[in-house]
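Colleague: Following this line is target19.pdb, made up of PDB, C-alpha atoms (C1' of nucleotides):
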```pdb
ATOM      1  CA  MET A1180      34.166 -55.880-141.244
ATOM      2  CA  LYS A1181      33.017 -59.221-142.359
ATOM      3  CA  PHE A1182      30.242 -61.022-144.088
ATOM      4  CA  SER A1183      28.568 -63.529-141.806
ATOM      5  CA  THR A1184      27.719 -67.044-142.887
ATOM      6  CA  LYS A1185      24.111 -65.989-142.374
ATOM      7  CA  SER A1186      24.392 -63.662-145.369
ATOM      8  CA  THR A1187      26.458 -66.098-147.368
ATOM      9  CA  TYR A1188      24.082 -69.002-146.804
ATOM     10  CA  GLY A1189      21.024 -66.818-147.266
ATOM     11  CA  LEU A1190      22.259 -65.388-150.529
ATOM     12  CA  ARG A1191      23.245 -68.781-151.875
ATOM     13  CA  ALA A1192      19.843 -70.157-150.997
ATOM     14  CA  MET A1193      18.085 -67.212-152.623
ATOM     15  CA  ILE A1194      20.122 -67.757-155.787
ATOM     16  CA  ARG A1195      19.027 -71.393-155.742
ATOM     17  CA  LEU A1196      15.392 -70.344-155.425
ATOM     18  CA  ALA A1197      15.857 -67.871-158.260
ATOM     19  CA  GLU A1198      17.110 -70.653-160.527
ATOM     20  CA  ASN A1199      13.975 -72.553-159.613
ATOM     21  CA  TRP A1200      11.610 -69.676-160.269
ATOM     22  CA  LYS A1201       8.327 -70.783-161.844
ATOM     23  CA  LYS A1202       9.025 -74.423-161.044
ATOM     24  CA  GLU A1203       7.793 -76.329-157.977
ATOM     25  CA  SER A1204       8.870 -75.422-154.457
ATOM     26  CA  LEU A1205      12.317 -76.411-153.241
ATOM     27  CA  SER A1206      12.588 -78.057-149.842
ATOM     28  CA  LEU A1207      15.062 -77.055-147.181
ATOM     29  CA  SER A1208      16.580 -80.509-147.116
ATOM     30  CA  VAL A1209      17.397 -80.370-150.819
ATOM     31  CA  ILE A1210      18.929 -76.907-150.615
ATOM     32  CA  ALA A1211      20.860 -77.635-147.427
ATOM     33  CA  LYS A1212      22.234 -80.865-148.811
ATOM     34  CA  SER A1213      23.304 -79.505-152.168
ATOM     35  CA  GLU A1214      24.795 -76.338-150.677
ATOM     36  CA  ASN A1215      26.382 -78.229-147.803
ATOM     37  CA  ILE A1216      24.747 -76.103-145.117
ATOM     38  CA  SER A1217      23.307 -77.224-141.778
ATOM     39  CA  GLN A1218      19.600 -77.693-142.485
ATOM     40  CA  LYS A1219      18.519 -76.553-139.031
ATOM     41  CA  TYR A1220      20.562 -73.405-139.271
ATOM     42  CA  LEU A1221      19.219 -72.689-142.736
ATOM     43  CA  GLU A1222      15.752 -73.082-141.261
ATOM     44  CA  ARG A1223      16.256 -70.033-139.120
ATOM     45  CA  ILE A1224      17.750 -68.064-141.961
ATOM     46  CA  PHE A1225      14.654 -68.857-144.033
ATOM     47  CA  ALA A1226      12.472 -67.643-141.178
ATOM     48  CA  ARG A1227      14.058 -64.198-141.567
ATOM     49  CA  LEU A1228      13.578 -64.229-145.324
ATOM     50  CA  LYS A1229       9.957 -65.200-144.850
ATOM     51  CA  THR A1230       9.298 -62.473-142.294
ATOM     52  CA  ALA A1231      10.676 -60.050-144.866
ATOM     53  CA  LYS A1232       8.177 -61.525-147.346
ATOM     54  CA  LEU A1233      10.903 -62.443-149.806
ATOM     55  CA  ILE A1234       9.909 -66.104-149.888
ATOM     56  CA  GLU A1235       6.750 -68.166-149.497
ATOM     57  CA  SER A1236       6.332 -71.651-148.147
ATOM     58  CA  GLU A1237       4.121 -74.691-148.565
ATOM     59  CA  LYS A1238       3.845 -77.071-145.662
ATOM     60  CA  GLY A1239       3.533 -80.806-145.756
ATOM     61  CA  ALA A1240       4.900 -83.499-148.010
ATOM     62  CA  GLY A1241       6.042 -82.151-151.352
ATOM     63  CA  GLY A1242       6.108 -78.668-149.919
ATOM     64  CA  GLY A1243       9.020 -76.254-149.722
ATOM     65  CA  TYR A1244       9.976 -72.690-150.466
ATOM     66  CA  LYS A1245       9.819 -70.399-153.452
ATOM     67  CA  LEU A1246      10.407 -66.732-154.127
ATOM     68  CA  SER A1247       7.402 -64.540-153.481
ATOM     69  CA  ARG A1248       8.107 -62.508-156.643
ATOM     70  CA  SER A1249      10.168 -62.637-159.784
ATOM     71  CA  PRO A1250      13.938 -62.575-159.194
ATOM     72  CA  SER A1251      14.095 -59.371-161.218
ATOM     73  CA  LYS A1252      11.836 -57.699-158.656
ATOM     74  CA  ILE A1253      13.902 -58.730-155.655
ATOM     75  CA  ASN A1254      16.510 -56.270-154.612
ATOM     76  CA  ILE A1255      19.793 -57.484-153.096
ATOM     77  CA  LEU A1256      19.538 -54.715-150.519
ATOM     78  CA  GLU A1257      16.285 -56.189-149.241
ATOM     79  CA  ILE A1258      17.939 -59.569-148.873
ATOM     80  CA  ILE A1259      20.949 -58.237-146.987
ATOM     81  CA  ASP A1260      18.732 -56.121-144.733
ATOM     82  CA  ALA A1261      16.547 -59.134-143.980
ATOM     83  CA  LEU A1262      19.504 -61.355-143.187
ATOM     84  CA  GLU A1263      21.888 -59.021-141.459
ATOM     85  CA  GLY A1264      19.531 -56.471-139.999
ATOM     86  CA  LYS A1265      19.655 -52.820-140.917
ATOM     87  CA  PHE A1266      22.508 -50.689-139.750
ATOM     88  CA  ALA A1267      21.751 -50.371-136.061
ATOM     89  CA  PRO A1268      20.139 -47.137-134.968
ATOM     90  CA  PHE A1269      23.088 -45.364-133.574
ATOM     91  CA  HIS A1270      23.676 -43.725-130.215
ATOM     92  CA  CYS A1271      26.674 -42.339-128.437
ATOM     93  CA  TYR A1272      26.635 -43.387-124.809
ATOM     94  CA  THR A1273      28.418 -42.161-121.770
ATOM     95  CA  LYS A1274      29.749 -44.740-119.367
ATOM     96  CA  SER A1275      26.649 -44.267-117.223
ATOM     97  CA  GLY A1276      24.541 -45.380-120.166
ATOM     98  CA  LYS A1277      23.020 -42.001-120.812
ATOM     99  CA  VAL A1278      22.432 -41.233-124.470
ATOM    100  CA  VAL A1279      24.519 -38.327-125.625
ATOM    101  CA  CYS A1280      23.515 -38.180-129.253
ATOM    102  CA  SER A1281      21.378 -40.070-131.765
ATOM    103  CA  THR A1282      21.210 -40.758-135.491
ATOM    104  CA  SER A1283      19.813 -37.316-136.067
ATOM    105  CA  CYS A1284      22.667 -35.469-134.387
ATOM    106  CA  ASN A1285      25.352 -34.113-136.655
ATOM    107  CA  CYS A1286      28.488 -35.190-134.834
ATOM    108  CA  GLY A1287      31.323 -36.712-136.814
ATOM    109  CA  VAL A1288      30.632 -40.298-135.839
ATOM    110  CA  THR A1289      27.004 -40.135-136.917
ATOM    111  CA  LEU A1290      27.980 -38.446-140.160
ATOM    112  CA  VAL A1291      30.401 -41.253-141.009
ATOM    113  CA  LEU A1292      27.911 -43.911-140.053
ATOM    114  CA  ASN A1293      25.221 -42.396-142.238
ATOM    115  CA  ARG A1294      27.628 -42.186-145.161
ATOM    116  CA  ILE A1295      28.563 -45.826-144.864
ATOM    117  CA  GLN A1296      24.911 -46.780-144.705
ATOM    118  CA  THR A1297      23.949 -44.814-147.803
ATOM    119  CA  GLY A1298      27.115 -46.077-149.507
ATOM    120  CA  ILE A1299      25.977 -49.659-149.039
ATOM    121  CA  GLU A1300      22.392 -48.842-149.949
ATOM    122  CA  ASP A1301      23.336 -47.067-153.147
ATOM    123  CA  SER A1302      25.631 -49.853-154.233
ATOM    124  CA  LEU A1303      22.992 -52.562-153.783
ATOM    125  CA  ARG A1304      19.770 -50.764-154.560
ATOM    126  CA  ASN A1305      19.795 -51.366-158.271
ATOM    127  CA  MET A1306      21.148 -54.875-158.160
ATOM    128  CA  SER A1307      18.506 -57.549-158.374
ATOM    129  CA  LEU A1308      18.499 -61.261-157.767
ATOM    130  CA  ASN A1309      18.262 -62.210-161.437
ATOM    131  CA  GLN A1310      21.701 -60.685-161.974
ATOM    132  CA  LEU A1311      23.335 -63.290-159.742
ATOM    133  CA  LYS A1312      24.261 -66.883-160.226
TER     134      LYS A1312
ATOM    135  CA  MET B 291      25.253 -54.622-139.355
ATOM    136  CA  LYS B 292      26.570 -52.476-136.646
ATOM    137  CA  PHE B 293      29.244 -50.002-135.762
ATOM    138  CA  SER B 294      31.438 -51.288-132.972
ATOM    139  CA  THR B 295      32.500 -49.143-130.031
ATOM    140  CA  LYS B 296      36.009 -49.579-131.397
ATOM    141  CA  SER B 297      35.091 -47.448-134.403
ATOM    142  CA  THR B 298      33.027 -45.043-132.359
ATOM    143  CA  TYR B 299      35.735 -44.488-129.764
ATOM    144  CA  GLY B 300      38.467 -44.387-132.365
ATOM    145  CA  LEU B 301      36.681 -41.816-134.481
ATOM    146  CA  ARG B 302      35.858 -39.653-131.512
ATOM    147  CA  ALA B 303      39.476 -39.737-130.403
ATOM    148  CA  MET B 304      40.678 -38.872-133.898
ATOM    149  CA  ILE B 305      38.311 -35.915-133.984
ATOM    150  CA  ARG B 306      39.756 -34.784-130.653
ATOM    151  CA  LEU B 307      43.277 -35.031-132.060
ATOM    152  CA  ALA B 308      42.208 -33.107-135.148
ATOM    153  CA  GLU B 309      40.932 -30.267-132.970
ATOM    154  CA  ASN B 310      44.330 -30.259-131.327
ATOM    155  CA  TRP B 311      46.298 -30.238-134.553
ATOM    156  CA  LYS B 312      49.446 -28.086-134.396
ATOM    157  CA  LYS B 313      49.208 -27.869-130.602
ATOM    158  CA  GLU B 314      51.033 -30.100-128.102
ATOM    159  CA  SER B 315      50.329 -33.807-127.842
ATOM    160  CA  LEU B 316      47.193 -35.025-126.091
ATOM    161  CA  SER B 317      47.560 -37.803-123.554
ATOM    162  CA  LEU B 318      45.391 -40.880-123.447
ATOM    163  CA  SER B 319      44.266 -40.078-119.914
ATOM    164  CA  VAL B 320      42.921 -36.674-120.975
ATOM    165  CA  ILE B 321      41.093 -38.049-124.011
ATOM    166  CA  ALA B 322      39.694 -41.050-122.165
ATOM    167  CA  LYS B 323      38.488 -38.926-119.282
ATOM    168  CA  SER B 324      36.841 -36.242-121.372
ATOM    169  CA  GLU B 325      35.257 -38.735-123.767
ATOM    170  CA  ASN B 326      34.284 -41.070-120.956
ATOM    171  CA  ILE B 327      36.036 -44.083-122.442
ATOM    172  CA  SER B 328      38.017 -46.775-120.637
ATOM    173  CA  GLN B 329      41.616 -45.613-120.885
ATOM    174  CA  LYS B 330      43.018 -49.122-121.146
ATOM    175  CA  TYR B 331      40.662 -50.008-123.941
ATOM    176  CA  LEU B 332      41.453 -46.790-125.778
ATOM    177  CA  GLU B 333      45.117 -47.704-125.458
ATOM    178  CA  ARG B 334      44.586 -50.697-127.683
ATOM    179  CA  ILE B 335      42.544 -48.738-130.151
ATOM    180  CA  PHE B 336      45.382 -46.221-130.407
ATOM    181  CA  ALA B 337      47.804 -49.047-131.063
ATOM    182  CA  ARG B 338      45.847 -49.851-134.223
ATOM    183  CA  LEU B 339      45.817 -46.232-135.311
ATOM    184  CA  LYS B 340      49.542 -46.026-134.739
ATOM    185  CA  THR B 341      50.265 -49.199-136.705
ATOM    186  CA  ALA B 342      48.323 -47.599-139.552
ATOM    187  CA  LYS B 343      50.600 -44.567-139.168
ATOM    188  CA  LEU B 344      47.672 -42.227-138.626
ATOM    189  CA  ILE B 345      49.001 -40.976-135.301
ATOM    190  CA  GLU B 346      52.383 -40.428-133.657
ATOM    191  CA  SER B 347      53.311 -40.658-130.018
ATOM    192  CA  GLU B 348      55.714 -39.149-127.528
ATOM    193  CA  LYS B 349      56.589 -41.219-124.518
ATOM    194  CA  GLY B 350      57.214 -40.026-120.997
ATOM    195  CA  ALA B 351      55.824 -37.234-118.877
ATOM    196  CA  GLY B 352      54.151 -34.540-120.926
ATOM    197  CA  GLY B 353      53.955 -36.933-123.857
ATOM    198  CA  GLY B 354      50.888 -38.117-125.700
ATOM    199  CA  TYR B 355      49.501 -38.509-129.190
ATOM    200  CA  LYS B 356      49.046 -36.314-132.222
ATOM    201  CA  LEU B 357      48.005 -36.831-135.815
ATOM    202  CA  SER B 358      50.846 -37.765-138.118
ATOM    203  CA  ARG B 359      49.508 -35.440-140.835
ATOM    204  CA  SER B 360      47.090 -32.604-141.322
ATOM    205  CA  PRO B 361      43.413 -33.569-140.707
ATOM    206  CA  SER B 362      42.690 -32.593-144.293
ATOM    207  CA  LYS B 363      45.103 -35.279-145.476
ATOM    208  CA  ILE B 364      43.567 -38.038-143.375
ATOM    209  CA  ASN B 365      40.911 -40.030-145.098
ATOM    210  CA  ILE B 366      37.986 -41.437-143.082
ATOM    211  CA  LEU B 367      38.302 -44.676-145.015
ATOM    212  CA  GLU B 368      41.829 -45.124-143.683
ATOM    213  CA  ILE B 369      40.578 -44.651-140.146
ATOM    214  CA  ILE B 370      37.738 -47.139-140.494
ATOM    215  CA  ASP B 371      40.003 -49.676-142.172
ATOM    216  CA  ALA B 372      42.565 -49.289-139.374
ATOM    217  CA  LEU B 373      39.962 -49.690-136.646
ATOM    218  CA  GLU B 374      37.611 -52.252-138.087
ATOM    219  CA  GLY B 375      39.887 -54.125-140.427
ATOM    220  CA  LYS B 376      39.257 -54.357-144.135
ATOM    221  CA  PHE B 377      36.405 -56.394-145.428
ATOM    222  CA  ALA B 378      37.616 -59.915-144.806
ATOM    223  CA  PRO B 379      39.025 -61.730-147.813
ATOM    224  CA  PHE B 380      36.140 -63.896-148.719
ATOM    225  CA  HIS B 381      35.888 -67.624-149.265
ATOM    226  CA  CYS B 382      33.036 -70.039-149.713
ATOM    227  CA  TYR B 383      33.674 -73.181-147.729
ATOM    228  CA  THR B 384      32.213 -76.603-147.831
ATOM    229  CA  LYS B 385      31.474 -78.303-144.530
ATOM    230  CA  SER B 386      34.758 -80.161-144.784
ATOM    231  CA  GLY B 387      36.571 -76.835-144.822
ATOM    232  CA  LYS B 388      37.631 -77.023-148.432
ATOM    233  CA  VAL B 389      37.639 -73.694-150.241
ATOM    234  CA  VAL B 390      35.121 -73.650-153.043
ATOM    235  CA  CYS B 391      35.599 -70.143-154.304
ATOM    236  CA  SER B 392      37.556 -66.996-153.468
ATOM    237  CA  THR B 393      37.277 -63.228-153.894
ATOM    238  CA  SER B 394      38.251 -63.546-157.506
ATOM    239  CA  CYS B 395      35.470 -65.954-158.408
ATOM    240  CA  ASN B 396      32.384 -64.467-159.989
ATOM    241  CA  CYS B 397      29.640 -66.182-158.035
ATOM    242  CA  GLY B 398      26.726 -64.125-156.747
ATOM    243  CA  VAL B 399      27.895 -63.933-153.153
ATOM    244  CA  THR B 400      31.305 -62.592-154.102
ATOM    245  CA  LEU B 401      29.739 -60.115-156.488
ATOM    246  CA  VAL B 402      27.524 -58.724-153.715
ATOM    247  CA  LEU B 403      30.391 -58.594-151.262
ATOM    248  CA  ASN B 404      32.578 -56.703-153.685
ATOM    249  CA  ARG B 405      29.789 -54.236-154.362
ATOM    250  CA  ILE B 406      29.294 -53.533-150.688
ATOM    251  CA  GLN B 407      32.990 -53.040-150.236
ATOM    252  CA  THR B 408      33.320 -50.580-153.104
ATOM    253  CA  GLY B 409      30.127 -48.895-151.932
ATOM    254  CA  ILE B 410      31.681 -48.179-148.561
ATOM    255  CA  GLU B 411      34.985 -47.186-150.086
ATOM    256  CA  ASP B 412      33.437 -44.771-152.540
ATOM    257  CA  SER B 413      31.305 -43.164-149.875
ATOM    258  CA  LEU B 414      34.242 -42.519-147.550
ATOM    259  CA  ARG B 415      37.133 -42.002-149.908
ATOM    260  CA  ASN B 416      36.694 -38.264-150.343
ATOM    261  CA  MET B 417      35.715 -37.512-146.771
ATOM    262  CA  SER B 418      38.563 -36.261-144.645
ATOM    263  CA  LEU B 419      39.015 -35.774-140.946
ATOM    264  CA  ASN B 420      38.848 -31.975-141.084
ATOM    265  CA  GLN B 421      35.221 -32.259-142.229
ATOM    266  CA  LEU B 422      34.182 -33.779-138.913
ATOM    267  CA  LYS B 423      33.566 -32.342-135.500
TER     268      LYS B 423
ATOM    269  C1'  DA C 340      -6.059 -94.374-141.158
ATOM    270  C1'  DA C 341      -1.120 -94.573-141.187
ATOM    271  C1'  DT C 342       3.014 -92.874-142.815
ATOM    272  C1'  DA C 343       6.476 -89.985-144.573
ATOM    273  C1'  DA C 344       8.011 -85.561-145.802
ATOM    274  C1'  DA C 345       7.829 -81.246-145.219
ATOM    275  C1'  DA C 346       7.502 -76.387-142.604
ATOM    276  C1'  DC C 347       7.557 -74.396-138.126
ATOM    277  C1'  DC C 348       8.946 -73.466-133.223
ATOM    278  C1'  DA C 349      11.656 -73.017-128.786
ATOM    279  C1'  DA C 350      15.297 -73.824-125.990
ATOM    280  C1'  DC C 351      19.791 -75.211-125.531
ATOM    281  C1'  DT C 352      25.195 -75.340-126.522
ATOM    282  C1'  DA C 353      29.657 -74.146-128.646
ATOM    283  C1'  DA C 354      32.667 -71.073-130.721
ATOM    284  C1'  DA C 355      34.144 -66.681-131.816
ATOM    285  C1'  DT C 356      34.409 -61.894-131.279
ATOM    286  C1'  DT C 357      34.025 -57.689-128.764
ATOM    287  C1'  DA C 358      34.740 -54.998-124.846
ATOM    288  C1'  DG C 359      37.157 -54.312-121.126
ATOM    289  C1'  DT C 360      40.702 -55.368-116.845
ATOM    290  C1'  DA C 361      44.920 -56.188-114.467
ATOM    291  C1'  DG C 362      49.497 -55.611-113.908
ATOM    292  C1'  DG C 363      53.087 -54.319-115.225
ATOM    293  C1'  DA C 364      57.936 -52.476-118.133
ATOM    294  C1'  DG C 365      60.260 -48.768-120.168
ATOM    295  C1'  DA C 366      60.785 -43.679-121.425
ATOM    296  C1'  DT C 367      61.055 -38.900-120.143
ATOM    297  C1'  DA C 368      60.308 -34.284-118.204
ATOM    298  C1'  DA C 369      60.275 -31.850-113.853
TER     299       DA C 369
ATOM    300  C1'  DT D 496      63.730 -39.908-108.038
ATOM    301  C1'  DT D 497      59.212 -39.356-108.902
ATOM    302  C1'  DA D 498      55.169 -38.648-111.505
ATOM    303  C1'  DT D 499      53.355 -39.063-115.951
ATOM    304  C1'  DC D 500      53.228 -40.920-119.942
ATOM    305  C1'  DT D 501      53.432 -44.851-123.867
ATOM    306  C1'  DC D 502      53.725 -49.630-124.640
ATOM    307  C1'  DC D 503      53.042 -54.662-123.888
ATOM    308  C1'  DT D 504      50.956 -59.141-122.536
ATOM    309  C1'  DA D 505      47.776 -61.830-120.554
ATOM    310  C1'  DC D 506      43.549 -62.351-118.554
ATOM    311  C1'  DT D 507      38.042 -62.038-117.967
ATOM    312  C1'  DA D 508      33.238 -60.813-119.036
ATOM    313  C1'  DA D 509      29.663 -60.020-122.152
ATOM    314  C1'  DT D 510      27.659 -60.480-126.444
ATOM    315  C1'  DT D 511      26.911 -62.369-130.862
ATOM    316  C1'  DT D 512      27.268 -65.984-134.210
ATOM    317  C1'  DA D 513      26.755 -70.510-135.551
ATOM    318  C1'  DG D 514      24.951 -74.093-134.776
ATOM    319  C1'  DT D 515      22.176 -78.499-132.224
ATOM    320  C1'  DT D 516      18.381 -80.960-130.020
ATOM    321  C1'  DG D 517      13.963 -82.228-129.781
ATOM    322  C1'  DG D 518      10.044 -81.580-130.795
ATOM    323  C1'  DT D 519       4.750 -79.937-133.094
ATOM    324  C1'  DT D 520       1.887 -79.186-136.997
ATOM    325  C1'  DT D 521       0.586 -79.631-141.816
ATOM    326  C1'  DT D 522      -0.210 -82.214-145.954
ATOM    327  C1'  DA D 523       0.319 -85.502-149.926
ATOM    328  C1'  DT D 524       0.662 -90.303-150.671
ATOM    329  C1'  DT D 525      -0.108 -95.176-149.765
TER     330       DT D 525
END
```
Could you spell out this file's structure in structure tokens?

Modeller:
Amino acid sequence: MKFSTKSTYGLRAMIRLAENWKKESLSLSVIAKSENISQKYLERIFARLKTAKLIESEKGAGGGYKLSRSPSKINILEIIDALEGKFAPFHCYTKSGKVVCSTSCNCGVTLVLNRIQTGIEDSLRNMSLNQLK
Amino acid sequence: MKFSTKSTYGLRAMIRLAENWKKESLSLSVIAKSENISQKYLERIFARLKTAKLIESEKGAGGGYKLSRSPSKINILEIIDALEGKFAPFHCYTKSGKVVCSTSCNCGVTLVLNRIQTGIEDSLRNMSLNQLK
DNA sequence: AATAAAACCAACTAAATTAGTAGGAGATAA
DNA sequence: TTATCTCCTACTAATTTAGTTGGTTTTATT
């Protein structure tokens, strides 16, 4: 198991925006440059964060991004979910592609998967962006 | 975040071995056939489980695999770690490849990563193989 | 009005990882 | 000596991740 650069970059950028909370917007170019991240790649990461309504944007010269709410109201779990995608809905498949069981079945694999998911959720749920730097 | 087939197959196979605990060894061909998994792929998955000393093998005709200890003494966390690998030791890199910070630093990204890791560990630590079916 | 700086958008490429194959060698019971 | 098994290495195919390329649109500033 690993942490993708997507999450790493996204989190770092969100921490930058948190530091800038209540000030003017921060542009992608500034963040990318100072964090040493490919600007174009960061663009797509920001698209995810925006879809999840965690950030807002202003177009045009002088524009940029800012958090859509106070850092204390932004949950780390939301950020990770937005960046990495939720734990995939799980299915056991036979070789023929037929679904044998789903998330709601109570086989061992599903049970373990659900535990891991709630384990992650519980650990991040009450951690908010203002706690990071 | 997703659960690879490696984990799915590996867990299913371990559950099969647990059902067979105290009986004769189960061969790869039997497990692969009944679980509808590529035998050659399962072979490599079993190699990981063996390296982790979770299973033992007997070569030759009539041979096969069995758990190395009672299912109640096998932790699900051990299985997942063996199959999926531990959470990768984490580093922040600059574009030039220079390490900026490591697992022991206390930046936000590392803090989140460590939380996720302990979240998973805590959720699986006291779940053993005999609880699954 | 022209320009520059910004978000936004789509399609491509490169690298890495995952999932699986192919083709054996060596061990062992029947 | 043969069939059944583990074990080993090297390959391929598919998918995902990590970017790149080349724009369009929006907006403040000159």

Colleague: Enclose segment 399-405 of chain B, meaning all of its atoms listed in the file, in a box aligned along x, y and z, pad it by 8 Å on each side, and list the centre and edge lengths in Å to one decimal, as lines of an AutoDock Vina configuration file.

Modeller:
```
center_x = 30.1
center_y = -59.1
center_z = -153.9
size_x = 21.1
size_y = 25.7
size_z = 21.2
```

Colleague: For the structure provided, state which residues fall under the PyMOL selection byres ((chain D) within 6 of (chain A)), and present them as a PyMOL selection string.

Modeller: chain D and resi 521-523

Colleague: Write the selection just made, keeping C-alpha atoms (C1' of nucleotides), as an mmCIF file, in the coordinates of the input?

Modeller:
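See again_23.cif below for the written result:
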```cif
data_model
loop_
_atom_site.group_PDB
_atom_site.id
_atom_site.type_symbol
_atom_site.label_atom_id
_atom_site.label_comp_id
_atom_site.auth_asym_id
_atom_site.auth_seq_id
_atom_site.Cartn_x
_atom_site.Cartn_y
_atom_site.Cartn_z
ATOM 1 C "C1'" DT D 521 0.586 -79.631 -141.816
ATOM 2 C "C1'" DT D 522 -0.210 -82.214 -145.954
ATOM 3 C "C1'" DA D 523 0.319 -85.502 -149.926
#
```

Colleague: Could you give me, as CSV, every chain B residue with an atom at most 6 Å from chain A, plus its closest atom pair and distance in Å to one decimal, counting all atoms listed in the file, rows ordered by chain then number?

Modeller:
```
residue,atom,partner,partner_atom,distance
B:Met291,CA,A:Phe1266,CA,4.8
B:Lys292,CA,A:Ala1267,CA,5.3
B:Glu374,CA,A:Met1180,CA,5.9
B:Phe377,CA,A:Met1180,CA,4.8
B:Ala378,CA,A:Lys1181,CA,5.3
B:Cys397,CA,A:Lys1312,CA,5.9
B:Gly398,CA,A:Leu1311,CA,4.6
B:Ile406,CA,A:Ile1299,CA,5.4
B:Gly409,CA,A:Gly1298,CA,4.8
B:Ile410,CA,A:Gly1298,CA,5.1
B:Ser413,CA,A:Gly1298,CA,5.1
B:Leu422,CA,A:Gly1287,CA,4.6
B:Lys423,CA,A:Gly1287,CA,5.1
```

Colleague: What would the list of residues within 8 Å of (33.6, -59.6, -119.9) (file frame) look like as a PyMOL selection string, if all atoms listed in the file are what count?

Modeller: (chain C and resi 358-359) or (chain D and resi 507-509)

Colleague: For the provided coordinates, the residues matched by the PyMOL selection byres ((chain C) within 6 of (chain B)) should be stated as a ChimeraX atom specification.

Modeller: /C:366-368

Colleague: Let's have the selection written as a compact mmCIF listing (two decimals), in the coordinates of the input, with C-alpha atoms (C1' of nucleotides).

Modeller:
```
# COMPACT_ATOMS: atom_id res chain seq x y z
C1' DA C 366 60.78 -43.68 -121.42
C1' DT C 367 61.06 -38.90 -120.14
C1' DA C 368 60.31 -34.28 -118.20
```

Colleague: What's the separation between atom CA of Glu1235 of chain A and atom C1' of DT520 of chain D, in Å to one decimal place?

Modeller: 17.4 Å

Colleague: Quick one: residues within 12 Å of DA350 of chain C, all atoms listed in the file, excluding same-chain residues fewer than 4 positions away - as a list in words?

Modeller: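 Non-adjacent residues within range: DT515, DT516, DG517 and DG518 of chain D.
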
Colleague: Write the residues of the preceding selection, restricted to C-alpha atoms (C1' of nucleotides), as a short mmCIF file (atom, residue, chain, number, x, y, z; two decimals), in the coordinates of the input.

Modeller:
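Output file result.cif follows:
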```cif
data_model
loop_
_atom_site.label_atom_id
_atom_site.label_comp_id
_atom_site.auth_asym_id
_atom_site.auth_seq_id
_atom_site.Cartn_x
_atom_site.Cartn_y
_atom_site.Cartn_z
"C1'" DT D 515 22.18 -78.50 -132.22
"C1'" DT D 516 18.38 -80.96 -130.02
"C1'" DG D 517 13.96 -82.23 -129.78
"C1'" DG D 518 10.04 -81.58 -130.79
#
```

Colleague: Between atom CA of Ser1204 of chain A and atom CA of Ile1224 of chain A, what distance in Å does the model show, to one decimal?

Modeller: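 If I compute the distance from atom CA of Ser1204 of chain A to atom CA of Ile1224 of chain A, I get 17.0 Å.
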
Colleague: Tell me which protein, DNA and RNA residues are within 9 Å of DC502 of chain D, counting only C-alpha atoms (C1' of nucleotides), leaving out same-chain ones fewer than 6 positions away, and put them as a compact mmCIF listing (two decimals) with C-alpha atoms (C1' of nucleotides), keeping the file's coordinate frame.

Modeller:
```
# COMPACT_ATOMS: atom_id res chain seq x y z
CA GLU B 333 45.12 -47.70 -125.46
CA ALA B 337 47.80 -49.05 -131.06
CA LYS B 349 56.59 -41.22 -124.52
C1' DA C 364 57.94 -52.48 -118.13
C1' DG C 365 60.26 -48.77 -120.17
```

Colleague: Could you work out how far atom CA of Lys312 of chain B lies from atom CA of Ser418 of chain B, giving the answer in Å with one decimal?

Modeller: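 Rounded to one decimal, the two atoms are 17.0 Å apart.
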
Colleague: List the spatial neighbours of Lys313 of chain B as a ChimeraX atom specification - criterion: any atom at most 12 Å away, all atoms listed in the file, same-chain residues fewer than 4 positions off excluded.

Modeller: /B:306-309,354-357,360

Colleague: Choose the residue, out of A:Ala1211, A:Leu1205, A:Val1279, A:Met1193, that has the smallest atom-to-atom separation from DA345 of chain C; count all atoms listed in the file.

Modeller: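 Smallest separation from DA345 of chain C among the options: A:Leu1205.
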
Colleague: Let me make sure I understand: among A:Arg1223, A:Lys1229, A:Arg1304, A:Ser1236, which one has the smallest atom-to-atom distance to Ser1206 of chain A if we use all atoms listed in the file?

Modeller: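 Checking each of A:Arg1223, A:Lys1229, A:Arg1304, A:Ser1236 against Ser1206 of chain A, counting all atoms listed in the file, the winner is A:Ser1236.
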